[in-house]
Amino acid sequence: MTASSERNRHALTLVGLAIALAAAIIAGVAFGAVSLPPGEVLGAVSRALSGHGSTLADALVVDLRLPRVLLAALVGASLALAGVLYQALFKNPLADPYILGVSSGAGLGATLSLSLLGTSYLARAVGVPLGAFAGALLTMLLVVRLASRRGRLDPTSLLLAGIAISYTLSAITSFVLVFDRESMTSVVYWMMGGLGNRSWEHVATLGAMLAAGSMVPLLFHRELDLMLLGDERAGQLGVAVERFKLLALGSASLVVAGAVSVSGLIGFVGLMTPHMVRLVVGPRHRLLLPASALAGAIVLVVADLLARIVLAPVEIPVGIVTALAGGPFFVWLLVRKERSR
Amino acid sequence: MNGRLIPPGDGVPLCFRRVSVGYGDRTVVREASFDVRPGEFVGLVGPNGAGKSTLLRAVTGGAEVKMGDITAGDSVVRLHERERARLIGVVPQSQPSVFAFTARAFVEMGRHAHLGRLESLRPEDHAVVGEVMERTDTARLADERVDELSGGDLQRLTLAQALAQQPRVLLLDEPTSHLDLNHALQVLDLVRSLADGGMAVLGVFHDLGIAARYADRISIVAEGGVLPPRAPAEALDAATISQVFGVRAVVRTDPVTGTVAITPVLRGEDIARAESGMRVGLVCGSGTGASLMRQLVLAGHSVACGALNRGDVDQAVAEALGARLVELPPFGEMDETAVAEVAESFSEVCCIVVCPTPFGRANLPNLHAAVTSGRPLILMGDMGPDRDFAGGEARRLWNEAVSHGAVQARSEADALVELERCRAEKG
């Protein structure tokens, strides 16, 4: 296979995914408790962009549905990106922000920020993401520390430590909420993973965090490939392993914190998406990273659409939809891995 | 033609200066001091767990340098990873392949340290990758997935990956452990030619013969220390092998390759019981007694094998096994002293086996000593004209022995049965 034909194939894959994402977003905006024809969706967006016209339907599209759907896309992309990073850094196909406990850590950080700083605009816009980031990073370091024996990271211990820490931190979060009954209902609903009542403000926050968190992985995609050969081999081939791990784990924590602070705990997107994408595009991160981000966005936009319309007008938290699909997927991976030993 | 495999410019020596290496609070090798010069291939041999791999891993940070310094131009611990990867290539013992890279992508990873942050592979990188895959016989695997390849293919791809780094120093940890004979020789010939082209090569080997054949110098790693590298014939003598590996071996010059060839005969631990058995005399030569001698020593007996010429296979085996013998110079004949010594050694045995060796003027005195010793004889094979080159004298001695009640044995197994019967009758 020549280099240029490979490049063409890569470009084609990404363009295909981008078109699919655009279609998913339009569908996500069009369908709901009140359905609109797709043409109407595009019309409303173009009228809002050119600054005139504001029918009731336009307001529904621009102020309610569009930010929500875009947020779903950004959250899905963030979680998938983090999943790719964790799977490469830990050489563990079962790694994902939810299973490693990082999501719970971010959740606790965000909850503590909310309880301590109140619900002012500044607290929500800066305090919650920062708290979530600190929680995510500290949890990650703690889990890695717990799973390491004499500098070696045991893959099974990593998952066990992650799951154990995840439960512990969720319990602490609930404990905090007992003392803070005012925000309990909304936080509990948020912790289940929901995208309701979100605004453009959330889209901007997460967009910024995702952009910042994507820098390292996209610039260091070759290092991620090399990490799959093991830490020592990556070092022999020229990777500054420890420094790179810290950078990459920091980036992963940043995007997870962003996703959790706007949408709560949404599991398994970071686990499933990279696997499905890897089957199609192979393991090289240069393509795997952007393709997984796009695919993650599609997955969550579709999951959110299902969450809204299956029991309409009642809305299911989207985390329940992803867990329903992801739990069995996780078990399937686990069984397959055991059999291949 | 080493075209792109060896970068232009001067070679770099790899120097160990009183280096102690280990993991955590454990020191595995102490005070290692030796150099690998550009253009030289140094082999590291030694028992399992002696620290050969640890010594290699310390060069690229996989084990800790606790004292002293390893330098490749500059101190290796001070080198930035990228710089180090352009200077030193490593072929580790085994490589797990978790994800499904193609073989070509796998080899291309070796170019990482040569590429800028935003750069993708340039034409010259593709050229290097193409050449290393050609030279390691992996070009036809280019589009296969590495997680579906055999251990041997993966090992050659790992070598290709290391060579794609265009290193000046190459470290090998048992690079042929998974390879068939043909590929093993191919890989070693390639490595040899790289060393001849100016690379400094340091390789860990389990197979002493391979190490002796390909390395310029050999260093032995044992009991936490490293012996200074010496030419294979000096480094690997029978005494050293016995001491370091606890194995009695025949060490000789291979007639085909002209290098040191080592045939392990038996383990030192098995010899420890030797005192308990009986003494057996052996009339042998040209390898006719080697196998029986080994079995006798393994079974706990001690052996006396008459006079043998230096360079004879049976002589080498007797020496390795510690059997009693009277050594003659090559092609030398037995003088009176030798005859007397053989007669004395045969007088102390409880039985003598005459192996199916041909007899001529030179070794006839051995047979004579056996027949006149008065000990019970076990005669192997027949004494035909294809065996008697002493003008009928050997046949005469043979017939005399038979008439005095010597038993005849068709095979080694028969001979061993007769020996046991002989012991029982004496017992």
# chains A, B, ... in the order shown; residues from 1 in each chain; ligands from 1
call {"tool": "interface_residues", "arguments": {"of": "chain A", "to": "chain B", "cutoff": "12 Å", "atoms": "only C-alpha atoms", "output": "MDAnalysis selection string"}}
result
chainID A and resid 1:4 6:7 87:88 90:93 149:152 216:244 275 278:286 337 340:341
call {"tool": "residues_around", "arguments": {"residues": "Gly68 of chain B", "least_positions_apart": "2", "cutoff": "12 Å", "atoms": "only C-alpha atoms", "output": "MDAnalysis selection string"}}
result
chainID B and resid 15:21 29:34 58 64:66 70:71 75:77
call {"tool": "write_last_selection", "arguments": {"atoms": "C-alpha atoms", "output": "mmCIF file, in the first residue's frame"}}
result
data_model
loop_
_atom_site.group_PDB
_atom_site.id
_atom_site.type_symbol
_atom_site.label_atom_id
_atom_site.label_comp_id
_atom_site.auth_asym_id
_atom_site.auth_seq_id
_atom_site.Cartn_x
_atom_site.Cartn_y
_atom_site.Cartn_z
ATOM 1 C CA CYS B 15 32.055 1.599 27.434
ATOM 2 C CA PHE B 16 31.207 0.165 30.851
ATOM 3 C CA ARG B 17 33.250 1.800 33.621
ATOM 4 C CA ARG B 18 33.003 -0.059 36.946
ATOM 5 C CA VAL B 19 29.265 -0.313 36.475
ATOM 6 C CA SER B 20 26.952 -1.822 39.063
ATOM 7 C CA VAL B 21 23.386 -2.397 37.859
ATOM 8 C CA VAL B 29 25.949 -7.166 38.476
ATOM 9 C CA ARG B 30 28.832 -5.392 40.206
ATOM 10 C CA GLU B 31 31.856 -3.547 38.880
ATOM 11 C CA ALA B 32 31.547 -4.428 35.211
ATOM 12 C CA SER B 33 34.308 -2.830 33.167
ATOM 13 C CA PHE B 34 34.686 -3.474 29.464
ATOM 14 C CA ALA B 58 20.783 -0.669 31.971
ATOM 15 C CA GLU B 64 19.237 1.113 37.148
ATOM 16 C CA VAL B 65 22.900 2.126 36.926
ATOM 17 C CA LYS B 66 23.768 2.218 40.629
ATOM 18 C CA ILE B 70 28.030 3.556 30.834
ATOM 19 C CA THR B 71 29.047 5.772 27.939
ATOM 20 C CA SER B 75 27.063 9.068 29.447
ATOM 21 C CA VAL B 76 23.909 7.136 28.508
ATOM 22 C CA VAL B 77 21.969 8.278 31.565
#
call {"tool": "residues_around", "arguments": {"residues": "Leu208 of chain B", "least_positions_apart": "2", "cutoff": "9 Å", "atoms": "only C-alpha atoms", "output": "list in words"}}
result
Val45, Gly46, Phe205, His206, Ile210, Ala211, Ala212, Arg213, Leu236, Val260, Ala261 and Ile262 of chain B
call {"tool": "residues_around", "arguments": {"residues": "Met133 of chain B", "least_positions_apart": "2", "cutoff": "12 Å", "atoms": "only C-alpha atoms", "output": "PyMOL selection string"}}
result
chain B and resi 4-5+103-108+110+126-131+135-143+153-154+156-164+187
call {"tool": "atom_distance", "arguments": {"atom1": "atom CA of Met276 of chain A", "atom2": "atom CA of Met140 of chain A"}}
result
24.7 Å
call {"tool": "closest_residue", "arguments": {"among": "A:Leu305, A:Ala77, A:Leu49, A:Leu141", "to": "Ala291 of chain A", "atoms": "only C-alpha atoms"}}
result
A:Ala77
call {"tool": "residues_around", "arguments": {"residues": "segment 241-257 of chain B", "least_positions_apart": "4", "cutoff": "9 Å", "atoms": "only C-alpha atoms", "output": "PyMOL selection string"}}
result
chain B and resi 46-47+213+220-223+233+236-237+261-269+311+313+316-322
call {"tool": "select_by_dssp", "arguments": {"residues": "segment 206-396 of chain B", "states": "strand (DSSP E)", "output": "JSON, numbers by chain"}}
result
{"B": [217, 218, 219, 220, 221, 222, 225, 226, 247, 248, 249, 250, 251, 252, 253, 260, 261, 262, 263, 264, 265, 266, 267, 279, 280, 281, 282, 283, 302, 303, 304, 305, 306, 307, 308, 309, 324, 325, 326, 327, 328, 351, 352, 353, 354, 377, 378, 379, 380]}
call {"tool": "write_last_selection", "arguments": {"atoms": "C-alpha atoms", "output": "PDB file, in the first residue's frame"}}
result
ATOM      1  CA  ARG B 217      35.315 -11.392  21.876  1.00  0.00           C
ATOM      2  CA  ILE B 218      33.299 -13.085  24.586  1.00  0.00           C
ATOM      3  CA  SER B 219      32.661 -11.929  28.096  1.00  0.00           C
ATOM      4  CA  ILE B 220      31.311 -14.245  30.781  1.00  0.00           C
ATOM      5  CA  VAL B 221      28.747 -12.947  33.241  1.00  0.00           C
ATOM      6  CA  ALA B 222      28.561 -15.069  36.393  1.00  0.00           C
ATOM      7  CA  GLY B 225      30.500 -10.092  37.990  1.00  0.00           C
ATOM      8  CA  VAL B 226      31.678  -9.766  34.408  1.00  0.00           C
ATOM      9  CA  VAL B 247      28.828 -28.765  32.728  1.00  0.00           C
ATOM     10  CA  ARG B 248      31.593 -31.031  31.470  1.00  0.00           C
ATOM     11  CA  ALA B 249      32.060 -30.277  27.802  1.00  0.00           C
ATOM     12  CA  VAL B 250      34.297 -31.213  24.914  1.00  0.00           C
ATOM     13  CA  VAL B 251      35.791 -28.010  23.511  1.00  0.00           C
ATOM     14  CA  ARG B 252      37.505 -28.259  20.149  1.00  0.00           C
ATOM     15  CA  THR B 253      37.958 -26.351  16.931  1.00  0.00           C
ATOM     16  CA  VAL B 260      35.332 -23.024  18.860  1.00  0.00           C
ATOM     17  CA  ALA B 261      32.778 -25.831  19.033  1.00  0.00           C
ATOM     18  CA  ILE B 262      31.407 -26.945  22.363  1.00  0.00           C
ATOM     19  CA  THR B 263      29.732 -30.292  22.980  1.00  0.00           C
ATOM     20  CA  PRO B 264      28.262 -30.604  26.454  1.00  0.00           C
ATOM     21  CA  VAL B 265      28.853 -34.145  27.686  1.00  0.00           C
ATOM     22  CA  LEU B 266      27.174 -34.208  31.053  1.00  0.00           C
ATOM     23  CA  ARG B 267      26.217 -32.070  34.017  1.00  0.00           C
ATOM     24  CA  ARG B 279      36.038 -49.246  37.595  1.00  0.00           C
ATOM     25  CA  VAL B 280      35.706 -50.167  33.962  1.00  0.00           C
ATOM     26  CA  GLY B 281      38.495 -50.398  31.384  1.00  0.00           C
ATOM     27  CA  LEU B 282      37.806 -49.278  27.854  1.00  0.00           C
ATOM     28  CA  VAL B 283      39.790 -49.991  24.702  1.00  0.00           C
ATOM     29  CA  SER B 302      34.816 -44.607  36.714  1.00  0.00           C
ATOM     30  CA  VAL B 303      36.561 -45.302  33.460  1.00  0.00           C
ATOM     31  CA  ALA B 304      40.152 -45.993  32.384  1.00  0.00           C
ATOM     32  CA  CYS B 305      40.613 -45.858  28.639  1.00  0.00           C
ATOM     33  CA  GLY B 306      44.165 -46.826  27.876  1.00  0.00           C
ATOM     34  CA  ALA B 307      46.330 -44.651  25.668  1.00  0.00           C
ATOM     35  CA  LEU B 308      44.748 -42.176  23.258  1.00  0.00           C
ATOM     36  CA  ASN B 309      46.161 -39.558  20.890  1.00  0.00           C
ATOM     37  CA  ARG B 324      41.795 -41.969  33.377  1.00  0.00           C
ATOM     38  CA  LEU B 325      43.914 -42.078  30.232  1.00  0.00           C
ATOM     39  CA  VAL B 326      47.467 -42.059  28.977  1.00  0.00           C
ATOM     40  CA  GLU B 327      47.772 -39.149  26.568  1.00  0.00           C
ATOM     41  CA  LEU B 328      49.898 -39.495  23.440  1.00  0.00           C
ATOM     42  CA  CYS B 351      36.154 -55.542  33.631  1.00  0.00           C
ATOM     43  CA  ILE B 352      37.360 -54.282  30.239  1.00  0.00           C
ATOM     44  CA  VAL B 353      35.186 -53.431  27.231  1.00  0.00           C
ATOM     45  CA  VAL B 354      36.837 -53.542  23.794  1.00  0.00           C
ATOM     46  CA  LEU B 377      36.675 -58.963  28.663  1.00  0.00           C
ATOM     47  CA  ILE B 378      33.588 -57.826  26.750  1.00  0.00           C
ATOM     48  CA  LEU B 379      34.289 -57.700  23.018  1.00  0.00           C
ATOM     49  CA  MET B 380      32.070 -55.476  20.866  1.00  0.00           C
TER      50      MET B 380
END
call {"tool": "atom_distance", "arguments": {"atom1": "atom CA of Ser261 of chain A", "atom2": "atom CA of Pro129 of chain A"}}
result
5.6 Å
